[in-house]
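Trainee: Before I ask anything, here is the structure I am working with.
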Amino acid sequence: MRHLPVRMARWSARHAGRAIAGWFAFVVLCLVAGIALGTNEATTKDFWVGEAGRAEATATEGGLERSPTERIMIRAGSGELDMAAADAAARDVTARMRELPEVESVAAPVRSKDGEVLLVSVVLNGPELEGRKNVVPLLEQTAAVGADHPDLVVEETGSPAISKGVNDQRDADLALSERISLPVTVITLLIVFGSVIMAGVPLVLALSSIAAAIGLSMVASHVMPDAGVGTNLILLIGLAVGVDYTLFYLKREREERARAGGRLGPEALVELAAATAGRAIVVSGLAVIVSTATLYLATDVIFSSLATGTILVVAVAVASSLTVLPALLVVIGRRTDRLALRRAARRAERGEPARAGKPETGRVFAALLRPARTRPALTLCLSVLVMLGLAVPALGLKLIDPGRDTFSRDIPAMRVYDRLTESFPELLVTHEVVTRSTPERAAQVKQALEDLGRRAQTDPLFAQDQKNPENPENPENPENPENPENPENPEIPESSPPAVRTSADGRISVLELPVPHPAPSAEAIASLTHLRQDHIPATVGRLSGVETAVSGDVARGRDYVSHESDKLPLVLGLLLLMTFLMTVWAFRSVVIGAIGVVLNLLSAGASLGMLVLVFQGTWAEGLLNFDSLGAIASRVPLFLVVILFGLSMDYQVFVVSRIQEARQNGMSAREAVLEGINRSAKVVTSAAIVMVTVFGAFVALHLTEMKQMGFCLAVAVLLDAVVIRLMVLPSVLLLLGEHAWWPARRPGRFGRAGGAGGRRNPSPGP
């Protein structure tokens, strides 16, 4: 691996045209292959977790799985509802829906308790997750009915419509984030390079890497199903690391160019850059890939999809930096050399002196480095105390699985959902009790489940007015309000227990228990606890040989959070171990490896503390335009810790590589630290600005979960680049001196090149 980046850069430099054409052919091939194969999307069963997952698997086995259901509400535009007009609109809706191939069944209308709303429930064909793809024709027919009945408000909601609305909003949000981050990235690169061409190179490579990774992720989805979030992460991480890797390489090539003073050609300069920055990019990319791969241990389809997207885009970004980037630099370098010769000739004709190179660091960076340089012990103590103080709020971290009740009300279907649950509170949450037994015990199980339903009716946490709109057709229950043969009975008597559905073979039964509380609420969670710990053991739980499990909106979320909490120690433990081993392998130093792990923990802890401080409370709601969940989305902390460790390794590798290089060139430990930090400060900070912009743009999105991710990543990168890399790391290394590199031996004063006039050794490690 030591010489691979140099060999690749040498070949690309000598065959620039082929390398550039080959790269873009590779990108096109990836996209074509991905489009040809398509995306293998995750199915409902891929999301099954814990007891809720077992319940849904059992229900599916008996043909009693949850179906995608839409609700069409008919209400007056103003004043009281005209029932004759509402009935006519309901008949129109029913007739239109039954003609659609996407529709399985349409229930008879149900009137709300206050008599102001008429509800028509429509069950779609196919599994639950397919609903969002098939709901468009239903929405069109609902809009048509509304146009034909202008005195009424006819509106539609349901899980399919809400899912489609969330996807549409996410797409619009991503487009907004791109409009925010791309201009800032361009401006940052223009400031760093002062050249439109050089600023355009990182963007071109980042965007082409993203395109290739998207195509590859479509291919990879046939091995690991795509949960619908991989592309979002490819865009997020791809732009950040793609620009970063190219930026580090470009800056090193320019340093070598300035040092050579025109004595070396573009090909030689590219090889020198590859020997240092190229190796660092490979190590950094491998660190991100290894760190992210620990997400697979969570055995969760969403985390696996996130891991696959991140690994692919980082791998492609590393490949672009080692192949097409050297070729582009040679092409640009030849043009730059010709222009430089012309400018030098013109200055010579005018008798002007040659221009001096720019200093490595400016006044801002010098000021930031001064505390660590002059008072490392004090700087270390204060910096660590600040980071620990920022991490303290993380001790109060609360996790929640955000359900549909937490989605933005900018989505039309969510506003309709609010009106629906106001008129029909029993539709807020449904617990599903699923049993499996032998066919001969079907009657006994049904009686026990009915007893369970009656017990639930006496529990104030459960709905007292038990309707069963999820079961539109049940001829065995003549009191079912949605039974088409009983349209004159719009409400079920309060004493009637919820209906029990049983599979054709009598082995599997399902009882649905509505709860008039939103899924994330304490009341809904308490109702699930009562059901699992009290009501089931007192009824169906008494039957020997009967398997019982509970699913539903609340159970899914609670079991998912529990599943993640169980996997967290394993993922975190392996993450720490792999980070340590990667750092030791890169720099041949156990101490540097330990320092890297501790600094990454500091950075992650401080950013999670800031996340809890801002999003778990309500004080920042108006500032960042969000509604607090009173907790953090359950997927956010685990994902962020893994990604933050990977991204922190980026800066760790590039900064420590420069320090190690200076040390190998004969500098003392103190001189090497100051030299390495000085030479890397500007480029690391520039890269951090790009990352902070990309991640920070996600704070402007609607989805609270995405806001939390973007905020935490932006804060972590900022803290890591400024506090960790400019204050804590140099302070630690200055205090440790040569001990920081144990067990590696101290190199000679003039490095391996030998002699003061020898060419310095550029190797940063592996």
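Within each chain, counting starts at residue 1; across the structure tokens, chains are named A, B, ... in the order shown, with ligands numbered 1 upward in that order.
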Name the residues in contact with Val166 in chain A at a cut-off of 9 Å, using only C-alpha atoms, excluding same-chain residues fewer than 4 positions from it; report them as an MDAnalysis selection string.

Mentor: chainID A and resid 161:162 170:171 407:408 411 703

Trainee: With a distance cut-off of 9 Å and only C-alpha atoms, select the neighbouring residues of range 430-444 of chain A, excluding the residue or stretch itself and same-chain residues fewer than 4 positions from it, and output the selection as a PyMOL selection string.

Mentor: chain A and resi 52+55-56+58-59+426+448-449+502+505-516+527-528+531+536+540+543+545-555

Trainee: Using N, CA and C atoms, can you export the residues from the last selection as a tab-separated table (two decimals), in the first residue's frame?

Mentor:
```tsv
chain	number	residue	atom	x	y	z
A	52	ALA	N	-42.38	-6.75	18.25
A	52	ALA	CA	-43.27	-6.23	17.22
A	52	ALA	C	-43.01	-6.91	15.88
A	55	ALA	N	-44.54	-10.35	15.95
A	55	ALA	CA	-45.99	-10.27	15.81
A	55	ALA	C	-46.38	-10.07	14.35
A	56	GLU	N	-45.67	-9.19	13.66
A	56	GLU	CA	-46.01	-8.93	12.27
A	56	GLU	C	-45.69	-10.11	11.37
A	58	THR	N	-45.87	-13.22	12.31
A	58	THR	CA	-46.93	-14.20	12.57
A	58	THR	C	-48.22	-13.80	11.86
A	59	ALA	N	-48.58	-12.51	11.94
A	59	ALA	CA	-49.80	-12.05	11.28
A	59	ALA	C	-49.70	-12.24	9.77
A	426	GLU	N	-59.77	7.45	18.07
A	426	GLU	CA	-59.38	6.05	18.15
A	426	GLU	C	-58.44	5.65	17.03
A	448	ALA	N	-60.48	-15.61	24.79
A	448	ALA	CA	-59.49	-14.93	25.63
A	448	ALA	C	-59.16	-13.55	25.08
A	449	LEU	N	-59.06	-13.43	23.77
A	449	LEU	CA	-58.78	-12.13	23.17
A	449	LEU	C	-59.95	-11.17	23.37
A	502	THR	N	-59.40	-14.02	12.60
A	502	THR	CA	-58.72	-15.31	12.67
A	502	THR	C	-58.39	-15.80	11.27
A	505	ASP	N	-57.01	-21.02	8.57
A	505	ASP	CA	-56.72	-22.33	9.18
A	505	ASP	C	-56.93	-22.33	10.69
A	506	GLY	N	-57.36	-21.21	11.26
A	506	GLY	CA	-57.66	-21.15	12.68
A	506	GLY	C	-56.46	-21.08	13.60
A	507	ARG	N	-55.25	-20.95	13.04
A	507	ARG	CA	-54.04	-20.98	13.87
A	507	ARG	C	-53.66	-19.61	14.41
A	508	ILE	N	-53.95	-18.56	13.67
A	508	ILE	CA	-53.46	-17.23	14.01
A	508	ILE	C	-54.65	-16.28	14.16
A	509	SER	N	-54.62	-15.48	15.22
A	509	SER	CA	-55.67	-14.50	15.47
A	509	SER	C	-55.06	-13.15	15.78
A	510	VAL	N	-55.81	-12.10	15.44
A	510	VAL	CA	-55.33	-10.73	15.66
A	510	VAL	C	-56.45	-9.92	16.32
A	511	LEU	N	-56.09	-9.20	17.37
A	511	LEU	CA	-57.00	-8.28	18.06
A	511	LEU	C	-56.40	-6.88	17.97
A	512	GLU	N	-57.20	-5.92	17.53
A	512	GLU	CA	-56.74	-4.53	17.41
A	512	GLU	C	-57.37	-3.69	18.50
A	513	LEU	N	-56.52	-2.97	19.24
A	513	LEU	CA	-56.97	-2.15	20.36
A	513	LEU	C	-56.58	-0.70	20.11
A	514	PRO	N	-57.56	0.17	19.84
A	514	PRO	CA	-57.24	1.58	19.60
A	514	PRO	C	-56.92	2.32	20.89
A	515	VAL	N	-56.07	3.33	20.77
A	515	VAL	CA	-55.65	4.16	21.89
A	515	VAL	C	-55.75	5.62	21.46
A	516	PRO	N	-56.44	6.47	22.21
A	516	PRO	CA	-56.65	7.87	21.78
A	516	PRO	C	-55.51	8.80	22.15
A	527	SER	N	-49.82	2.72	27.78
A	527	SER	CA	-50.85	1.75	27.38
A	527	SER	C	-50.21	0.47	26.85
A	528	LEU	N	-49.10	0.59	26.13
A	528	LEU	CA	-48.40	-0.60	25.65
A	528	LEU	C	-47.85	-1.40	26.83
A	531	LEU	N	-50.61	-3.22	28.50
A	531	LEU	CA	-51.07	-4.32	27.67
A	531	LEU	C	-50.14	-5.52	27.80
A	536	ILE	N	-52.41	-8.82	28.97
A	536	ILE	CA	-52.16	-10.09	28.27
A	536	ILE	C	-51.90	-11.23	29.27
A	540	VAL	N	-55.13	-13.92	27.61
A	540	VAL	CA	-54.63	-14.91	26.67
A	540	VAL	C	-53.29	-15.49	27.14
A	543	LEU	N	-53.20	-19.03	28.71
A	543	LEU	CA	-53.37	-20.24	27.90
A	543	LEU	C	-52.00	-20.84	27.59
A	545	GLY	N	-49.20	-22.97	25.68
A	545	GLY	CA	-48.97	-23.34	24.30
A	545	GLY	C	-49.44	-22.31	23.28
A	546	VAL	N	-49.81	-21.13	23.74
A	546	VAL	CA	-50.26	-20.06	22.84
A	546	VAL	C	-49.19	-18.97	22.81
A	547	GLU	N	-48.65	-18.72	21.62
A	547	GLU	CA	-47.65	-17.65	21.46
A	547	GLU	C	-48.38	-16.32	21.27
A	548	THR	N	-47.92	-15.31	22.00
A	548	THR	CA	-48.55	-13.99	21.93
A	548	THR	C	-47.48	-12.92	21.77
A	549	ALA	N	-47.73	-11.98	20.88
A	549	ALA	CA	-46.82	-10.85	20.67
A	549	ALA	C	-47.65	-9.63	20.30
A	550	VAL	N	-47.12	-8.45	20.59
A	550	VAL	CA	-47.83	-7.20	20.34
A	550	VAL	C	-47.05	-6.36	19.35
A	551	SER	N	-47.74	-5.84	18.35
A	551	SER	CA	-47.16	-4.90	17.40
A	551	SER	C	-48.02	-3.64	17.37
A	552	GLY	N	-47.80	-2.82	16.38
A	552	GLY	CA	-48.51	-1.55	16.28
A	552	GLY	C	-47.54	-0.40	16.26
A	553	ASP	N	-48.07	0.81	16.13
A	553	ASP	CA	-47.22	1.99	15.99
A	553	ASP	C	-46.29	2.18	17.19
A	554	VAL	N	-46.83	2.06	18.39
A	554	VAL	CA	-46.02	2.29	19.59
A	554	VAL	C	-45.03	1.14	19.79
A	555	ALA	N	-45.51	-0.08	19.62
A	555	ALA	CA	-44.64	-1.24	19.83
A	555	ALA	C	-43.47	-1.23	18.87
```

Trainee: Check the smallest atom-to-atom distance from each of A:Ile689, A:Val571, A:Ala740, A:Ala662 to Val584 in chain A using only C-alpha atoms, then report the winner.

Mentor: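 Once distances to Val584 in chain A are computed over only C-alpha atoms, the minimum belongs to A:Ala740.
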
Trainee: Check the smallest atom-to-atom distance from each of A:Val384, A:Val288, A:Leu701, A:Leu216 to Met582 in chain A using only C-alpha atoms, then report the winner.

Mentor: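 Counting only C-alpha atoms, the residue closest to Met582 in chain A is A:Val288.
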
Trainee: Using only C-alpha atoms, which of the listed residues (A:Ile197, A:Ile643, A:Ala86, A:Val612) sits closest to Ala287 in chain A?

Mentor: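 For Ala287 in chain A, the nearest of the given residues is A:Ile643.
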
Trainee: Using only C-alpha atoms, which protein or nucleic acid residues come within 12 Å of Arg370 in chain A? Drop anything in the same chain fewer than 2 positions from it, and give the result as a list in words.

Mentor: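 The neighbour list is Arg363, Val364, Phe365, Ala366, Ala367, Leu368, Ala372, Arg373, Thr374, Arg375, Pro376, Leu378, Thr379, Leu674, Ile677, Asn678, Leu726, Met727, Pro730 and Ser731 of chain A.
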
Trainee: Those selected residues, please, written with C-alpha atoms and delivered as a PDB file, in the first residue's frame.

Mentor:
```
ATOM      1  CA  ARG A 363      -2.939  35.877  11.460  1.00  0.00           C
ATOM      2  CA  VAL A 364      -6.125  34.060  12.478  1.00  0.00           C
ATOM      3  CA  PHE A 365      -4.462  30.647  12.509  1.00  0.00           C
ATOM      4  CA  ALA A 366      -1.384  32.037  14.245  1.00  0.00           C
ATOM      5  CA  ALA A 367      -3.614  33.480  16.965  1.00  0.00           C
ATOM      6  CA  LEU A 368      -5.470  30.186  17.387  1.00  0.00           C
ATOM      7  CA  ALA A 372      -0.989  25.734  22.515  1.00  0.00           C
ATOM      8  CA  ARG A 373       2.473  26.920  21.473  1.00  0.00           C
ATOM      9  CA  THR A 374       3.117  29.132  24.504  1.00  0.00           C
ATOM     10  CA  ARG A 375       1.104  27.434  27.294  1.00  0.00           C
ATOM     11  CA  PRO A 376       0.280  23.879  26.244  1.00  0.00           C
ATOM     12  CA  LEU A 378      -3.093  25.388  30.448  1.00  0.00           C
ATOM     13  CA  THR A 379      -4.528  25.236  26.924  1.00  0.00           C
ATOM     14  CA  LEU A 674       4.448  23.352  15.140  1.00  0.00           C
ATOM     15  CA  ILE A 677       0.061  22.180  12.469  1.00  0.00           C
ATOM     16  CA  ASN A 678       1.164  25.326  10.640  1.00  0.00           C
ATOM     17  CA  LEU A 726      -5.668  23.534  16.791  1.00  0.00           C
ATOM     18  CA  MET A 727      -5.669  23.421  20.588  1.00  0.00           C
ATOM     19  CA  PRO A 730      -0.907  20.252  19.545  1.00  0.00           C
ATOM     20  CA  SER A 731      -0.962  20.769  23.330  1.00  0.00           C
TER      21      SER A 731
END
```

Trainee: By how many Å are CA of Arg254 in chain A and CA of Arg7 in chain A apart?

Mentor: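 Distance reported for this atom pair: 19.8 Å.
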
Trainee: Which residues are close to Arg415 in chain A, i.e. within 12 Å by only C-alpha atoms, leaving aside same-chain residues fewer than 5 positions away? Reply as number ranges by chain.

Mentor: A: 155-158, 161-162, 165, 404-410, 420-422

Trainee: Could you write out the selected residues, including N, CA, C and O atoms, as a PDB file, in the first residue's frame?

Mentor:
```
ATOM      1  N   GLU A 155     -61.191  15.452   1.591  1.00  0.00           N
ATOM      2  CA  GLU A 155     -59.734  15.400   1.725  1.00  0.00           C
ATOM      3  C   GLU A 155     -59.311  14.017   2.175  1.00  0.00           C
ATOM      4  O   GLU A 155     -60.090  13.261   2.759  1.00  0.00           O
ATOM      5  N   GLU A 156     -58.036  13.700   1.894  1.00  0.00           N
ATOM      6  CA  GLU A 156     -57.549  12.336   2.089  1.00  0.00           C
ATOM      7  C   GLU A 156     -56.260  12.327   2.898  1.00  0.00           C
ATOM      8  O   GLU A 156     -55.396  13.201   2.756  1.00  0.00           O
ATOM      9  N   THR A 157     -56.133  11.334   3.729  1.00  0.00           N
ATOM     10  CA  THR A 157     -54.897  11.098   4.468  1.00  0.00           C
ATOM     11  C   THR A 157     -54.762   9.595   4.717  1.00  0.00           C
ATOM     12  O   THR A 157     -55.594   8.813   4.294  1.00  0.00           O
ATOM     13  N   GLY A 158     -53.701   9.226   5.390  1.00  0.00           N
ATOM     14  CA  GLY A 158     -53.400   7.821   5.633  1.00  0.00           C
ATOM     15  C   GLY A 158     -51.907   7.593   5.503  1.00  0.00           C
ATOM     16  O   GLY A 158     -51.169   8.453   4.988  1.00  0.00           O
ATOM     17  N   ALA A 161     -50.478   8.190   1.905  1.00  0.00           N
ATOM     18  CA  ALA A 161     -50.428   9.606   1.518  1.00  0.00           C
ATOM     19  C   ALA A 161     -49.375  10.361   2.324  1.00  0.00           C
ATOM     20  O   ALA A 161     -48.656  11.221   1.798  1.00  0.00           O
ATOM     21  N   ILE A 162     -49.263  10.034   3.615  1.00  0.00           N
ATOM     22  CA  ILE A 162     -48.263  10.698   4.453  1.00  0.00           C
ATOM     23  C   ILE A 162     -46.854  10.307   4.012  1.00  0.00           C
ATOM     24  O   ILE A 162     -45.960  11.164   3.933  1.00  0.00           O
ATOM     25  N   GLY A 165     -46.006  12.183   0.981  1.00  0.00           N
ATOM     26  CA  GLY A 165     -45.735  13.575   1.318  1.00  0.00           C
ATOM     27  C   GLY A 165     -44.368  13.762   1.942  1.00  0.00           C
ATOM     28  O   GLY A 165     -43.659  14.735   1.647  1.00  0.00           O
ATOM     29  N   ARG A 404     -45.247   8.998  12.611  1.00  0.00           N
ATOM     30  CA  ARG A 404     -45.871   9.966  11.717  1.00  0.00           C
ATOM     31  C   ARG A 404     -46.393  11.187  12.453  1.00  0.00           C
ATOM     32  O   ARG A 404     -46.530  12.261  11.862  1.00  0.00           O
ATOM     33  N   ASP A 405     -46.686  11.051  13.766  1.00  0.00           N
ATOM     34  CA  ASP A 405     -47.175  12.206  14.514  1.00  0.00           C
ATOM     35  C   ASP A 405     -46.122  13.301  14.627  1.00  0.00           C
ATOM     36  O   ASP A 405     -46.453  14.432  14.985  1.00  0.00           O
ATOM     37  N   THR A 406     -44.861  12.981  14.355  1.00  0.00           N
ATOM     38  CA  THR A 406     -43.786  13.976  14.470  1.00  0.00           C
ATOM     39  C   THR A 406     -43.453  14.643  13.143  1.00  0.00           C
ATOM     40  O   THR A 406     -42.601  15.524  13.106  1.00  0.00           O
ATOM     41  N   PHE A 407     -44.100  14.246  12.051  1.00  0.00           N
ATOM     42  CA  PHE A 407     -43.765  14.807  10.743  1.00  0.00           C
ATOM     43  C   PHE A 407     -44.244  16.253  10.630  1.00  0.00           C
ATOM     44  O   PHE A 407     -45.174  16.684  11.323  1.00  0.00           O
ATOM     45  N   SER A 408     -43.622  16.973   9.717  1.00  0.00           N
ATOM     46  CA  SER A 408     -43.932  18.385   9.520  1.00  0.00           C
ATOM     47  C   SER A 408     -45.373  18.575   9.070  1.00  0.00           C
ATOM     48  O   SER A 408     -45.880  17.848   8.222  1.00  0.00           O
ATOM     49  N   ARG A 409     -46.016  19.591   9.634  1.00  0.00           N
ATOM     50  CA  ARG A 409     -47.386  19.929   9.230  1.00  0.00           C
ATOM     51  C   ARG A 409     -47.422  20.724   7.937  1.00  0.00           C
ATOM     52  O   ARG A 409     -48.500  21.098   7.461  1.00  0.00           O
ATOM     53  N   ASP A 410     -46.263  20.965   7.324  1.00  0.00           N
ATOM     54  CA  ASP A 410     -46.249  21.531   5.976  1.00  0.00           C
ATOM     55  C   ASP A 410     -46.705  20.507   4.944  1.00  0.00           C
ATOM     56  O   ASP A 410     -47.017  20.866   3.808  1.00  0.00           O
ATOM     57  N   LEU A 420     -58.410  14.417  11.092  1.00  0.00           N
ATOM     58  CA  LEU A 420     -58.969  13.071  11.188  1.00  0.00           C
ATOM     59  C   LEU A 420     -58.941  12.568  12.628  1.00  0.00           C
ATOM     60  O   LEU A 420     -59.953  12.070  13.154  1.00  0.00           O
ATOM     61  N   THR A 421     -57.786  12.670  13.269  1.00  0.00           N
ATOM     62  CA  THR A 421     -57.660  12.135  14.627  1.00  0.00           C
ATOM     63  C   THR A 421     -58.419  12.983  15.645  1.00  0.00           C
ATOM     64  O   THR A 421     -58.754  12.491  16.728  1.00  0.00           O
ATOM     65  N   GLU A 422     -58.702  14.224  15.301  1.00  0.00           N
ATOM     66  CA  GLU A 422     -59.541  15.037  16.185  1.00  0.00           C
ATOM     67  C   GLU A 422     -60.983  14.541  16.164  1.00  0.00           C
ATOM     68  O   GLU A 422     -61.651  14.491  17.201  1.00  0.00           O
TER      69      GLU A 422
END
```

Trainee: Tell me which protein, DNA and RNA residues are within 12 Å of Ser221 in chain A, counting only C-alpha atoms, leaving out same-chain ones fewer than 2 positions away, and put them as number ranges by chain.

Mentor: A: 34-35, 37-43, 213-219, 223-231, 301, 304-309, 312

Trainee: Show which residues sit within 10 Å of Leu644 in chain A, as a list in words. Count only C-alpha atoms, and ignore same-chain residues fewer than 6 positions away.

Mentor: Val288, Ser291, Thr292, Asn600, Leu601, Ser603, Ala604, Ser607, Leu638, Asp650, Cys712, Leu713, Ala716, Val717 and Asp720 of chain A

Trainee: Those same residues, written as a PDB file, in the first residue's frame with N, CA and C atoms?

Mentor:
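Result saved to out-v3.pdb:
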```
ATOM      1  N   VAL A 288     -12.483   5.757   7.465  1.00  0.00           N
ATOM      2  CA  VAL A 288     -13.917   6.041   7.388  1.00  0.00           C
ATOM      3  C   VAL A 288     -14.685   4.775   7.028  1.00  0.00           C
ATOM      4  N   SER A 291     -14.684   2.337  10.026  1.00  0.00           N
ATOM      5  CA  SER A 291     -15.559   2.852  11.082  1.00  0.00           C
ATOM      6  C   SER A 291     -17.021   2.658  10.710  1.00  0.00           C
ATOM      7  N   THR A 292     -17.363   3.009   9.482  1.00  0.00           N
ATOM      8  CA  THR A 292     -18.755   2.931   9.055  1.00  0.00           C
ATOM      9  C   THR A 292     -19.236   1.492   8.983  1.00  0.00           C
ATOM     10  N   ASN A 600     -11.452  11.630  19.601  1.00  0.00           N
ATOM     11  CA  ASN A 600     -12.702  11.350  18.901  1.00  0.00           C
ATOM     12  C   ASN A 600     -13.874  11.254  19.875  1.00  0.00           C
ATOM     13  N   LEU A 601     -13.634  10.641  21.038  1.00  0.00           N
ATOM     14  CA  LEU A 601     -14.682  10.571  22.055  1.00  0.00           C
ATOM     15  C   LEU A 601     -15.049  11.956  22.565  1.00  0.00           C
ATOM     16  N   SER A 603     -14.810  14.795  20.895  1.00  0.00           N
ATOM     17  CA  SER A 603     -15.542  15.475  19.833  1.00  0.00           C
ATOM     18  C   SER A 603     -16.971  14.959  19.732  1.00  0.00           C
ATOM     19  N   ALA A 604     -17.136  13.641  19.750  1.00  0.00           N
ATOM     20  CA  ALA A 604     -18.474  13.056  19.648  1.00  0.00           C
ATOM     21  C   ALA A 604     -19.317  13.396  20.868  1.00  0.00           C
ATOM     22  N   SER A 607     -20.463  17.111  20.746  1.00  0.00           N
ATOM     23  CA  SER A 607     -21.487  17.357  19.731  1.00  0.00           C
ATOM     24  C   SER A 607     -22.822  16.746  20.124  1.00  0.00           C
ATOM     25  N   LEU A 638     -26.341   6.758  17.376  1.00  0.00           N
ATOM     26  CA  LEU A 638     -25.473   5.684  16.913  1.00  0.00           C
ATOM     27  C   LEU A 638     -24.872   6.014  15.554  1.00  0.00           C
ATOM     28  N   ASP A 650     -10.310  11.670   9.432  1.00  0.00           N
ATOM     29  CA  ASP A 650      -9.823  12.462   8.298  1.00  0.00           C
ATOM     30  C   ASP A 650      -8.804  13.488   8.769  1.00  0.00           C
ATOM     31  N   CYS A 712     -25.772  18.162  14.417  1.00  0.00           N
ATOM     32  CA  CYS A 712     -24.735  17.474  15.187  1.00  0.00           C
ATOM     33  C   CYS A 712     -23.454  17.292  14.375  1.00  0.00           C
ATOM     34  N   LEU A 713     -23.584  16.927  13.108  1.00  0.00           N
ATOM     35  CA  LEU A 713     -22.403  16.760  12.261  1.00  0.00           C
ATOM     36  C   LEU A 713     -21.668  18.084  12.073  1.00  0.00           C
ATOM     37  N   ALA A 716     -19.909  19.015  15.320  1.00  0.00           N
ATOM     38  CA  ALA A 716     -18.777  18.116  15.573  1.00  0.00           C
ATOM     39  C   ALA A 716     -17.580  18.469  14.698  1.00  0.00           C
ATOM     40  N   VAL A 717     -17.818  18.721  13.415  1.00  0.00           N
ATOM     41  CA  VAL A 717     -16.721  19.067  12.512  1.00  0.00           C
ATOM     42  C   VAL A 717     -16.081  20.387  12.926  1.00  0.00           C
ATOM     43  N   ASP A 720     -14.103  19.828  16.078  1.00  0.00           N
ATOM     44  CA  ASP A 720     -12.940  18.997  15.800  1.00  0.00           C
ATOM     45  C   ASP A 720     -11.850  19.790  15.093  1.00  0.00           C
TER      46      ASP A 720
END
```

Trainee: Have a look at A:Ala95, A:Ala211, A:Val653, A:Val590 and name the one nearest to Val283 in chain A; count only C-alpha atoms.

Mentor: A:Val653
